[in-house]
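> Handing over input.tsv, TSV, C-alpha atoms and all ligand atoms.
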chain	number	residue	atom	x	y	z
A	1	MET	CA	-43.86	-57.70	-51.16
A	2	ASN	CA	-43.27	-53.92	-51.16
A	3	ARG	CA	-41.13	-52.09	-48.62
A	4	PHE	CA	-44.10	-50.20	-47.12
A	5	ASP	CA	-46.98	-52.67	-47.48
A	6	ASP	CA	-49.35	-52.24	-44.52
A	7	ARG	CA	-47.55	-49.04	-43.41
A	8	ARG	CA	-49.45	-45.82	-42.81
A	9	ALA	CA	-47.65	-42.53	-43.39
A	10	ILE	CA	-48.54	-38.92	-42.62
A	11	ILE	CA	-46.50	-36.54	-44.75
A	12	SER	CA	-46.57	-32.72	-44.71
A	13	GLY	CA	-45.52	-30.46	-47.57
A	14	THR	CA	-46.95	-32.85	-50.16
A	15	GLY	CA	-48.27	-30.12	-52.48
A	16	SER	CA	-44.95	-29.86	-54.29
A	17	GLY	CA	-41.25	-30.67	-54.35
A	18	ILE	CA	-39.68	-33.09	-51.88
A	19	GLY	CA	-42.91	-33.79	-49.97
A	20	LYS	CA	-44.80	-34.62	-53.16
A	21	ALA	CA	-42.01	-36.92	-54.39
A	22	THR	CA	-41.88	-38.62	-50.98
A	23	ALA	CA	-45.66	-39.20	-50.85
A	24	GLN	CA	-45.58	-40.65	-54.38
A	25	LEU	CA	-42.60	-42.92	-53.61
A	26	PHE	CA	-44.06	-44.19	-50.33
A	27	ALA	CA	-47.39	-44.92	-52.06
A	28	ARG	CA	-45.64	-46.73	-54.95
A	29	GLU	CA	-43.95	-48.90	-52.34
A	30	GLY	CA	-47.25	-49.85	-50.71
A	31	ALA	CA	-47.89	-47.25	-48.00
A	32	ALA	CA	-51.26	-45.63	-47.41
A	33	VAL	CA	-50.47	-41.92	-47.27
A	34	ALA	CA	-52.13	-38.91	-45.65
A	35	CYS	CA	-51.03	-35.90	-47.71
A	36	LEU	CA	-50.95	-32.59	-45.79
A	37	ASP	CA	-50.29	-29.11	-47.18
A	38	VAL	CA	-51.74	-25.61	-47.25
A	39	LYS	CA	-52.20	-26.13	-50.99
A	40	GLY	CA	-51.90	-28.91	-53.54
A	41	ALA	CA	-52.28	-31.93	-51.26
A	42	ASP	CA	-55.54	-32.88	-52.99
A	43	GLU	CA	-53.87	-33.03	-56.44
A	44	THR	CA	-51.03	-35.14	-55.07
A	45	ALA	CA	-53.42	-37.53	-53.32
A	46	ALA	CA	-55.64	-37.76	-56.42
A	47	GLY	CA	-52.59	-38.64	-58.54
A	48	ILE	CA	-51.61	-41.40	-56.12
A	49	VAL	CA	-55.13	-42.83	-56.13
A	50	ALA	CA	-55.27	-42.65	-59.96
A	51	ALA	CA	-52.04	-44.66	-60.05
A	52	GLY	CA	-53.65	-47.38	-57.91
A	53	GLY	CA	-52.34	-46.28	-54.50
A	54	THR	CA	-54.07	-45.23	-51.29
A	55	ALA	CA	-53.99	-41.58	-50.26
A	56	TYR	CA	-56.06	-39.02	-48.38
A	57	ALA	CA	-55.70	-35.24	-48.63
A	58	PHE	CA	-55.84	-32.75	-45.77
A	59	THR	CA	-55.51	-28.98	-45.99
A	60	CYS	CA	-53.35	-28.17	-42.98
A	61	ASP	CA	-51.22	-25.24	-41.82
A	62	VAL	CA	-48.53	-26.98	-39.76
A	63	GLY	CA	-47.78	-23.69	-38.03
A	64	ASP	CA	-51.15	-23.76	-36.24
A	65	ALA	CA	-51.08	-26.19	-33.32
A	66	SER	CA	-54.85	-26.65	-33.07
A	67	VAL	CA	-55.15	-27.29	-36.82
A	68	VAL	CA	-52.36	-29.87	-36.59
A	69	ALA	CA	-54.08	-31.58	-33.64
A	70	GLN	CA	-57.36	-31.86	-35.59
A	71	THR	CA	-55.66	-32.92	-38.83
A	72	VAL	CA	-53.58	-35.63	-37.18
A	73	GLN	CA	-56.69	-37.02	-35.53
A	74	ALA	CA	-58.54	-37.08	-38.87
A	75	ALA	CA	-55.55	-38.56	-40.73
A	76	VAL	CA	-55.08	-41.33	-38.18
A	77	ALA	CA	-58.80	-42.12	-38.41
A	78	ALA	CA	-58.60	-42.32	-42.22
A	79	LEU	CA	-55.44	-44.45	-42.22
A	80	GLY	CA	-56.42	-46.63	-39.24
A	81	GLY	CA	-53.22	-45.66	-37.38
A	82	VAL	CA	-49.83	-44.16	-38.15
A	83	ASP	CA	-46.43	-45.82	-38.55
A	84	ILE	CA	-44.40	-43.11	-40.31
A	85	VAL	CA	-44.44	-39.30	-40.11
A	86	CYS	CA	-42.43	-37.17	-42.56
A	87	ASN	CA	-42.36	-33.48	-41.65
A	88	ILE	CA	-41.39	-31.86	-44.94
A	89	ALA	CA	-43.42	-28.60	-45.13
A	90	GLY	CA	-41.18	-25.57	-45.09
A	91	ILE	CA	-40.71	-21.95	-46.15
A	92	GLY	CA	-37.84	-19.48	-46.37
A	93	HIS	CA	-36.53	-16.32	-47.94
A	94	PHE	CA	-33.46	-14.10	-48.14
A	95	ALA	CA	-33.19	-10.85	-46.20
A	96	TRP	CA	-30.44	-8.85	-44.60
A	97	SER	CA	-30.80	-9.50	-40.89
A	98	HIS	CA	-30.63	-5.79	-40.02
A	99	GLN	CA	-33.64	-5.25	-42.33
A	100	GLU	CA	-35.63	-8.46	-41.70
A	101	ASP	CA	-39.32	-7.96	-40.92
A	102	PRO	CA	-39.82	-9.52	-37.46
A	103	GLU	CA	-43.13	-10.95	-38.66
A	104	TRP	CA	-41.30	-12.87	-41.40
A	105	PHE	CA	-38.78	-14.18	-38.88
A	106	ASP	CA	-41.67	-15.40	-36.70
A	107	ARG	CA	-43.47	-16.95	-39.68
A	108	ILE	CA	-40.45	-18.92	-40.90
A	109	VAL	CA	-39.68	-20.26	-37.42
A	110	ARG	CA	-43.37	-21.00	-36.80
A	111	VAL	CA	-43.75	-23.12	-39.94
A	112	ASN	CA	-40.34	-24.81	-40.03
A	113	LEU	CA	-39.62	-25.39	-36.34
A	114	ASN	CA	-42.87	-25.02	-34.42
A	115	GLY	CA	-44.73	-26.83	-37.22
A	116	THR	CA	-42.34	-29.77	-37.01
A	117	PHE	CA	-42.77	-29.87	-33.24
A	118	TYR	CA	-46.59	-29.72	-33.47
A	119	MET	CA	-46.60	-32.63	-35.91
A	120	CYS	CA	-44.38	-34.66	-33.57
A	121	ARG	CA	-46.40	-33.61	-30.51
A	122	TYR	CA	-49.70	-34.84	-31.93
A	123	THR	CA	-48.49	-38.03	-33.67
A	124	LEU	CA	-46.22	-39.31	-30.88
A	125	PRO	CA	-49.08	-40.43	-28.60
A	126	TYR	CA	-50.30	-42.85	-31.30
A	127	MET	CA	-46.78	-44.22	-31.81
A	128	LEU	CA	-46.21	-44.60	-28.08
A	129	ASP	CA	-49.51	-46.46	-27.74
A	130	ALA	CA	-48.43	-48.78	-30.56
A	131	GLY	CA	-44.87	-49.06	-29.18
A	132	LYS	CA	-43.40	-48.30	-32.61
A	133	GLY	CA	-43.06	-45.57	-35.19
A	134	VAL	CA	-40.67	-43.51	-37.28
A	135	ILE	CA	-40.51	-39.71	-37.49
A	136	ILE	CA	-38.39	-38.04	-40.16
A	137	ASN	CA	-37.94	-34.27	-39.99
A	138	THR	CA	-36.53	-31.98	-42.66
A	139	ALA	CA	-33.48	-29.98	-41.68
A	140	SER	CA	-31.19	-28.39	-44.29
A	141	ASN	CA	-27.53	-27.69	-44.87
A	142	ALA	CA	-28.70	-24.28	-43.56
A	143	GLY	CA	-29.31	-25.95	-40.20
A	144	LEU	CA	-25.73	-27.17	-40.03
A	145	MET	CA	-23.77	-24.16	-41.32
A	146	GLY	CA	-24.26	-20.41	-41.28
A	147	LEU	CA	-25.51	-18.85	-44.52
A	148	PRO	CA	-25.91	-15.15	-45.32
A	149	TRP	CA	-29.33	-13.44	-45.52
A	150	SER	CA	-30.90	-16.53	-43.96
A	151	ALA	CA	-30.99	-15.92	-40.21
A	152	ALA	CA	-34.62	-17.03	-39.82
A	153	TYR	CA	-34.22	-20.08	-42.07
A	154	CYS	CA	-30.88	-21.15	-40.52
A	155	SER	CA	-32.28	-20.67	-37.00
A	156	SER	CA	-35.39	-22.69	-37.78
A	157	LYS	CA	-33.46	-25.55	-39.41
A	158	GLY	CA	-30.82	-25.58	-36.67
A	159	GLY	CA	-33.75	-25.89	-34.29
A	160	VAL	CA	-35.08	-28.85	-36.29
A	161	VAL	CA	-31.68	-30.57	-35.92
A	162	GLN	CA	-31.75	-30.21	-32.13
A	163	LEU	CA	-35.47	-31.04	-31.90
A	164	THR	CA	-34.71	-34.27	-33.77
A	165	ARG	CA	-31.86	-35.22	-31.43
A	166	ALA	CA	-33.86	-34.33	-28.31
A	167	LEU	CA	-36.85	-36.45	-29.36
A	168	ALA	CA	-34.62	-39.33	-30.47
A	169	PHE	CA	-33.02	-39.45	-27.01
A	170	GLU	CA	-36.35	-39.06	-25.21
A	171	TYR	CA	-38.09	-41.89	-27.07
A	172	ARG	CA	-35.23	-44.23	-28.01
A	173	GLY	CA	-36.29	-46.85	-25.47
A	174	LYS	CA	-39.92	-46.69	-26.54
A	175	GLY	CA	-39.77	-48.05	-30.09
A	176	VAL	CA	-39.95	-44.66	-31.80
A	177	ARG	CA	-37.09	-43.59	-34.07
A	178	VAL	CA	-36.60	-39.88	-34.84
A	179	ASN	CA	-34.21	-38.74	-37.57
A	180	ALA	CA	-33.84	-35.89	-40.05
A	181	VAL	CA	-32.87	-35.46	-43.67
A	182	ALA	CA	-30.73	-32.36	-44.35
A	183	PRO	CA	-31.04	-31.53	-48.06
A	184	GLY	CA	-28.78	-29.19	-49.94
A	185	GLY	CA	-29.98	-27.25	-52.98
A	186	THR	CA	-32.83	-29.20	-54.58
A	187	ASN	CA	-34.80	-28.34	-57.69
A	188	THR	CA	-38.15	-27.30	-56.14
A	189	ASN	CA	-40.39	-24.25	-55.78
A	190	ILE	CA	-38.73	-23.07	-52.56
A	191	ILE	CA	-35.68	-22.03	-54.60
A	192	HIS	CA	-37.82	-19.23	-56.12
A	193	SER	CA	-38.58	-17.78	-52.68
A	194	PHE	CA	-34.81	-17.42	-52.17
A	195	SER	CA	-34.44	-15.05	-55.12
A	196	PRO	CA	-33.66	-12.37	-55.98
A	197	LEU	CA	-30.75	-11.75	-53.66
A	198	PRO	CA	-31.28	-8.82	-51.31
A	199	ASP	CA	-30.02	-5.41	-52.46
A	200	GLY	CA	-26.28	-5.06	-52.06
A	201	ALA	CA	-25.68	-8.81	-51.62
A	202	ASP	CA	-22.45	-10.15	-53.12
A	203	HIS	CA	-23.43	-12.69	-55.79
A	204	ARG	CA	-20.16	-14.57	-55.26
A	205	GLU	CA	-21.43	-15.64	-51.81
A	206	MET	CA	-24.15	-17.64	-53.60
A	207	ALA	CA	-21.53	-19.98	-55.09
A	208	LYS	CA	-20.59	-21.06	-51.56
A	209	MET	CA	-24.19	-22.20	-50.98
A	210	ILE	CA	-24.45	-24.42	-54.06
A	211	SER	CA	-22.80	-27.82	-54.55
A	212	PRO	CA	-20.37	-27.82	-57.47
A	213	MET	CA	-21.85	-31.25	-58.35
A	214	ARG	CA	-25.33	-30.05	-59.39
A	215	GLN	CA	-28.74	-29.37	-57.89
A	216	ALA	CA	-30.49	-32.45	-56.47
A	217	GLU	CA	-33.84	-33.68	-57.75
A	218	PRO	CA	-36.74	-34.17	-55.27
A	219	ILE	CA	-36.75	-37.96	-55.81
A	220	GLU	CA	-33.16	-38.11	-54.52
A	221	MET	CA	-34.38	-36.68	-51.21
A	222	ALA	CA	-37.50	-38.91	-51.22
A	223	GLU	CA	-35.24	-41.97	-51.46
A	224	ALA	CA	-33.45	-40.88	-48.28
A	225	PHE	CA	-36.79	-40.50	-46.45
A	226	ALA	CA	-37.75	-43.97	-47.67
A	227	TYR	CA	-34.49	-45.54	-46.47
A	228	ILE	CA	-34.84	-44.00	-42.99
A	229	ALA	CA	-38.51	-45.06	-42.79
A	230	SER	CA	-37.67	-48.61	-43.82
A	231	ASP	CA	-36.71	-51.52	-41.59
A	232	ASN	CA	-33.20	-51.37	-43.08
A	233	ALA	CA	-32.64	-48.28	-40.90
A	234	ARG	CA	-34.00	-49.97	-37.75
A	235	TYR	CA	-30.90	-49.03	-35.70
A	236	MET	CA	-30.88	-45.40	-36.88
A	237	THR	CA	-32.21	-42.79	-34.49
A	238	GLY	CA	-30.99	-39.28	-33.69
A	239	THR	CA	-29.24	-39.09	-37.05
A	240	VAL	CA	-29.24	-36.09	-39.38
A	241	LEU	CA	-28.62	-37.51	-42.84
A	242	THR	CA	-26.99	-34.87	-45.04
A	243	LEU	CA	-27.53	-34.98	-48.81
A	244	ASP	CA	-25.89	-31.82	-50.08
A	245	GLY	CA	-23.58	-32.89	-52.88
A	246	GLY	CA	-20.56	-32.40	-50.64
A	247	LEU	CA	-21.31	-28.73	-49.91
A	248	ALA	CA	-20.42	-28.93	-46.23
A	249	CYS	CA	-17.44	-31.27	-46.42
B	1	LIG	N1	-35.23	-27.30	-52.13
B	1	LIG	C1	-34.13	-27.09	-51.41
B	1	LIG	O1	-33.07	-26.66	-51.92
B	1	LIG	C2	-34.13	-27.42	-49.93
B	1	LIG	C3	-32.88	-27.45	-49.26
B	1	LIG	C4	-32.87	-27.73	-47.91
B	1	LIG	C5	-34.06	-27.99	-47.24
B	1	LIG	N2	-35.24	-27.95	-47.91
B	1	LIG	C6	-36.46	-28.22	-47.15
B	1	LIG	O2	-37.19	-29.22	-47.80
B	1	LIG	C7	-38.57	-29.09	-47.43
B	1	LIG	C8	-39.44	-29.21	-48.67
B	1	LIG	O3	-39.23	-28.06	-49.45
B	1	LIG	P1	-39.17	-28.15	-51.05
B	1	LIG	O4	-37.78	-27.90	-51.44
B	1	LIG	O5	-39.85	-29.36	-51.52
B	1	LIG	O6	-39.99	-26.83	-51.43
B	1	LIG	P2	-41.50	-26.67	-51.96
B	1	LIG	O7	-41.78	-25.21	-51.83
B	1	LIG	O8	-41.62	-27.31	-53.29
B	1	LIG	O9	-42.37	-27.50	-50.92
B	1	LIG	C9	-42.71	-27.00	-49.65
B	1	LIG	C10	-44.15	-27.34	-49.40
B	1	LIG	O10	-44.48	-26.93	-48.05
B	1	LIG	C11	-45.78	-26.38	-48.11
B	1	LIG	N3	-46.01	-25.49	-46.98
B	1	LIG	C12	-45.52	-24.24	-46.78
B	1	LIG	N4	-46.00	-23.73	-45.65
B	1	LIG	C13	-46.81	-24.67	-45.11
B	1	LIG	C14	-47.59	-24.71	-43.93
B	1	LIG	N5	-47.65	-23.67	-43.09
B	1	LIG	N6	-48.29	-25.83	-43.67
B	1	LIG	C15	-48.26	-26.88	-44.53
B	1	LIG	N7	-47.55	-26.89	-45.67
B	1	LIG	C16	-46.83	-25.78	-45.95
B	1	LIG	C17	-45.83	-25.64	-49.44
B	1	LIG	O11	-47.17	-25.35	-49.84
B	1	LIG	C18	-45.11	-26.59	-50.34
B	1	LIG	O12	-45.98	-27.51	-50.98
B	1	LIG	C19	-38.68	-27.78	-46.69
B	1	LIG	O13	-38.70	-28.02	-45.29
B	1	LIG	C20	-37.41	-27.04	-47.07
B	1	LIG	O14	-37.02	-26.10	-46.09
B	1	LIG	C21	-35.30	-27.68	-49.24
Could the structure of this file be written out as structure tokens, please?
Ligand SMILES: NC(=O)c1ccc[n+]([C@@H]2O[C@H](COP(=O)([O-])OP(=O)(O)OC[C@H]3O[C@@H](n4cnc5c(N)ncnc54)[C@H](O)[C@@H]3O)[C@@H](O)[C@H]2O)c1


Amino acid sequence: MNRFDDRRAIISGTGSGIGKATAQLFAREGAAVACLDVKGADETAAGIVAAGGTAYAFTCDVGDASVVAQTVQAAVAALGGVDIVCNIAGIGHFAWSHQEDPEWFDRIVRVNLNGTFYMCRYTLPYMLDAGKGVIINTASNAGLMGLPWSAAYCSSKGGVVQLTRALAFEYRGKGVRVNAVAPGGTNTNIIHSFSPLPDGADHREMAKMISPMRQAEPIEMAEAFAYIASDNARYMTGTVLTLDGGLAC
């Protein structure tokens, strides 16, 4: 018996990094997985199927509410329902706030915060009908502490923290658990979009954003998603689980 036998999971951001590792782990543990991303979801789903698992791929921009509505409907039809939703898609970059392009600020908030809300908005009705479900959002240590050159990213991830708590409270009597994972620095592609540092930035400030332990690997985050999605975490809702190598202690 696997931990996620007979469970159906919709996971965004599966084209690379933490989302890909989470989709692969959930599938290895028996879940049927709908893999969503703007790119790369098809390769991830094909790899899962080649390894003997069940997966479906959907090209989906989580920052577009109507696309999310259509994709969720199609994913639920393919899976035959939904038990678990992991909102992992995300973007970010560094910029001095007094020079930030307002369009970039909007884009980062739209993908990270609005996108997480849209995914919750369109999957919750299925979970409420079923009287059960688990949603796991992706915050960040940047949603719990202020970081330089990251106003859009910090704002979006702080928003994800509060979105998670608000939904957890709203649906805690209805069988739906809502939690978040807050990763610290993890070895994925998003790291590249946070370099180089903006002109004039003090490189010593970077040290304060990195755990002295080491960078995490995506599987270490995937294992946290799996724990929260599992029945072992049945009493956990409204929790933001920080995995940042002690950065914010
Ligand atoms: N890697 C880190 O250090 C770190 C730290 C804290 C939080 N996070 C968060 O973890 C999550 C996963 O990021 P990652 O580290 O695996 O990086 P990643 O870049 O490897 O993965 C992010 C994925 O999201 C997808 N994506 C981007 N915009 C999208 C959109 N509009 N719609 C659908 N998919 C979209 C990308 O194509 C990519 O596959 C993100 O929410 C990120 O903010 C990462």

> Considering all atoms listed in the file, can you say which of A:Arg8, A:Arg28, A:Arg3, A:Lys208 comes closest to Val85 (chain A)?

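The answer is A:Arg8, which sits nearest to Val85 (chain A).
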
> As number ranges by chain, please: every protein or nucleic acid residue near ligand LIG 1 (chain B) (cut-off 8 Å, counting only C-alpha atoms and all ligand atoms).

A: 12-20, 36-41, 59-64, 87-92, 111-112, 115, 138-142, 153, 157, 182-191, 215-216, 218

> How far is it from CA of Arg204 (chain A) to CA of Pro148 (chain A), in Å with one decimal?

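Taking CA of Arg204 (chain A) as the start and CA of Pro148 (chain A) as the end point, the length is 11.5 Å.
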
> What residues have an atom no more than 12 Å from (-31.2, -40.7, -45.1) in the file's own frame, counting only C-alpha atoms, and can you write them as JSON, numbers by chain?

{"A": [136, 137, 138, 139, 178, 179, 180, 181, 182, 183, 220, 221, 222, 223, 224, 225, 226, 227, 228, 229, 230, 232, 233, 236, 237, 238, 239, 240, 241, 242, 243, 244]}

> Tell me which of A:Ala34, A:Val72, A:Val67, A:Leu25 sits closest to Thr54 (chain A), counting only C-alpha atoms.

A:Ala34

> Using the atoms already present, construct N, CA and C atoms for region 197-214 of chain A and hand them back as a PDB file, in the coordinates of the input.


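This is the output file rebuild-v7.pdb:
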ATOM      1  N   LEU A 197     -31.566 -12.050 -54.831  1.00  0.00           N
ATOM      2  CA  LEU A 197     -30.750 -11.750 -53.660  1.00  0.00           C
ATOM      3  C   LEU A 197     -31.125 -10.372 -53.132  1.00  0.00           C
ATOM      4  N   PRO A 198     -30.959 -10.156 -51.833  1.00  0.00           N
ATOM      5  CA  PRO A 198     -31.280  -8.820 -51.310  1.00  0.00           C
ATOM      6  C   PRO A 198     -30.337  -7.758 -51.876  1.00  0.00           C
ATOM      7  N   ASP A 199     -30.823  -6.520 -51.921  1.00  0.00           N
ATOM      8  CA  ASP A 199     -30.020  -5.410 -52.460  1.00  0.00           C
ATOM      9  C   ASP A 199     -28.657  -5.363 -51.782  1.00  0.00           C
ATOM     10  N   GLY A 200     -27.623  -5.224 -52.603  1.00  0.00           N
ATOM     11  CA  GLY A 200     -26.280  -5.060 -52.060  1.00  0.00           C
ATOM     12  C   GLY A 200     -25.590  -6.375 -51.727  1.00  0.00           C
ATOM     13  N   ALA A 201     -26.291  -7.514 -51.931  1.00  0.00           N
ATOM     14  CA  ALA A 201     -25.680  -8.810 -51.620  1.00  0.00           C
ATOM     15  C   ALA A 201     -24.621  -9.141 -52.666  1.00  0.00           C
ATOM     16  N   ASP A 202     -23.541  -9.764 -52.220  1.00  0.00           N
ATOM     17  CA  ASP A 202     -22.450 -10.150 -53.120  1.00  0.00           C
ATOM     18  C   ASP A 202     -22.811 -11.494 -53.762  1.00  0.00           C
ATOM     19  N   HIS A 203     -23.011 -11.481 -55.078  1.00  0.00           N
ATOM     20  CA  HIS A 203     -23.430 -12.690 -55.790  1.00  0.00           C
ATOM     21  C   HIS A 203     -22.442 -13.843 -55.640  1.00  0.00           C
ATOM     22  N   ARG A 204     -21.168 -13.509 -55.401  1.00  0.00           N
ATOM     23  CA  ARG A 204     -20.160 -14.570 -55.260  1.00  0.00           C
ATOM     24  C   ARG A 204     -20.413 -15.427 -54.019  1.00  0.00           C
ATOM     25  N   GLU A 205     -21.107 -14.859 -53.026  1.00  0.00           N
ATOM     26  CA  GLU A 205     -21.430 -15.640 -51.810  1.00  0.00           C
ATOM     27  C   GLU A 205     -22.380 -16.789 -52.136  1.00  0.00           C
ATOM     28  N   MET A 206     -23.195 -16.597 -53.205  1.00  0.00           N
ATOM     29  CA  MET A 206     -24.150 -17.640 -53.600  1.00  0.00           C
ATOM     30  C   MET A 206     -23.435 -18.940 -53.963  1.00  0.00           C
ATOM     31  N   ALA A 207     -22.273 -18.803 -54.622  1.00  0.00           N
ATOM     32  CA  ALA A 207     -21.530 -19.980 -55.090  1.00  0.00           C
ATOM     33  C   ALA A 207     -21.174 -20.887 -53.908  1.00  0.00           C
ATOM     34  N   LYS A 208     -20.976 -20.272 -52.736  1.00  0.00           N
ATOM     35  CA  LYS A 208     -20.590 -21.060 -51.560  1.00  0.00           C
ATOM     36  C   LYS A 208     -21.779 -21.840 -50.994  1.00  0.00           C
ATOM     37  N   MET A 209     -22.992 -21.529 -51.492  1.00  0.00           N
ATOM     38  CA  MET A 209     -24.190 -22.200 -50.980  1.00  0.00           C
ATOM     39  C   MET A 209     -24.671 -23.300 -51.921  1.00  0.00           C
ATOM     40  N   ILE A 210     -23.983 -23.470 -53.034  1.00  0.00           N
ATOM     41  CA  ILE A 210     -24.450 -24.420 -54.060  1.00  0.00           C
ATOM     42  C   ILE A 210     -23.375 -25.476 -54.287  1.00  0.00           C
ATOM     43  N   SER A 211     -23.759 -26.741 -54.296  1.00  0.00           N
ATOM     44  CA  SER A 211     -22.800 -27.820 -54.550  1.00  0.00           C
ATOM     45  C   SER A 211     -22.242 -27.684 -55.958  1.00  0.00           C
ATOM     46  N   PRO A 212     -20.924 -27.829 -56.114  1.00  0.00           N
ATOM     47  CA  PRO A 212     -20.370 -27.820 -57.470  1.00  0.00           C
ATOM     48  C   PRO A 212     -20.811 -29.042 -58.269  1.00  0.00           C
ATOM     49  N   MET A 213     -21.378 -30.070 -57.609  1.00  0.00           N
ATOM     50  CA  MET A 213     -21.850 -31.250 -58.350  1.00  0.00           C
ATOM     51  C   MET A 213     -22.999 -30.853 -59.272  1.00  0.00           C
ATOM     52  N   ARG A 214     -24.110 -30.455 -58.675  1.00  0.00           N
ATOM     53  CA  ARG A 214     -25.330 -30.050 -59.390  1.00  0.00           C
ATOM     54  C   ARG A 214     -26.410 -29.877 -58.335  1.00  0.00           C
TER      55      ARG A 214
END
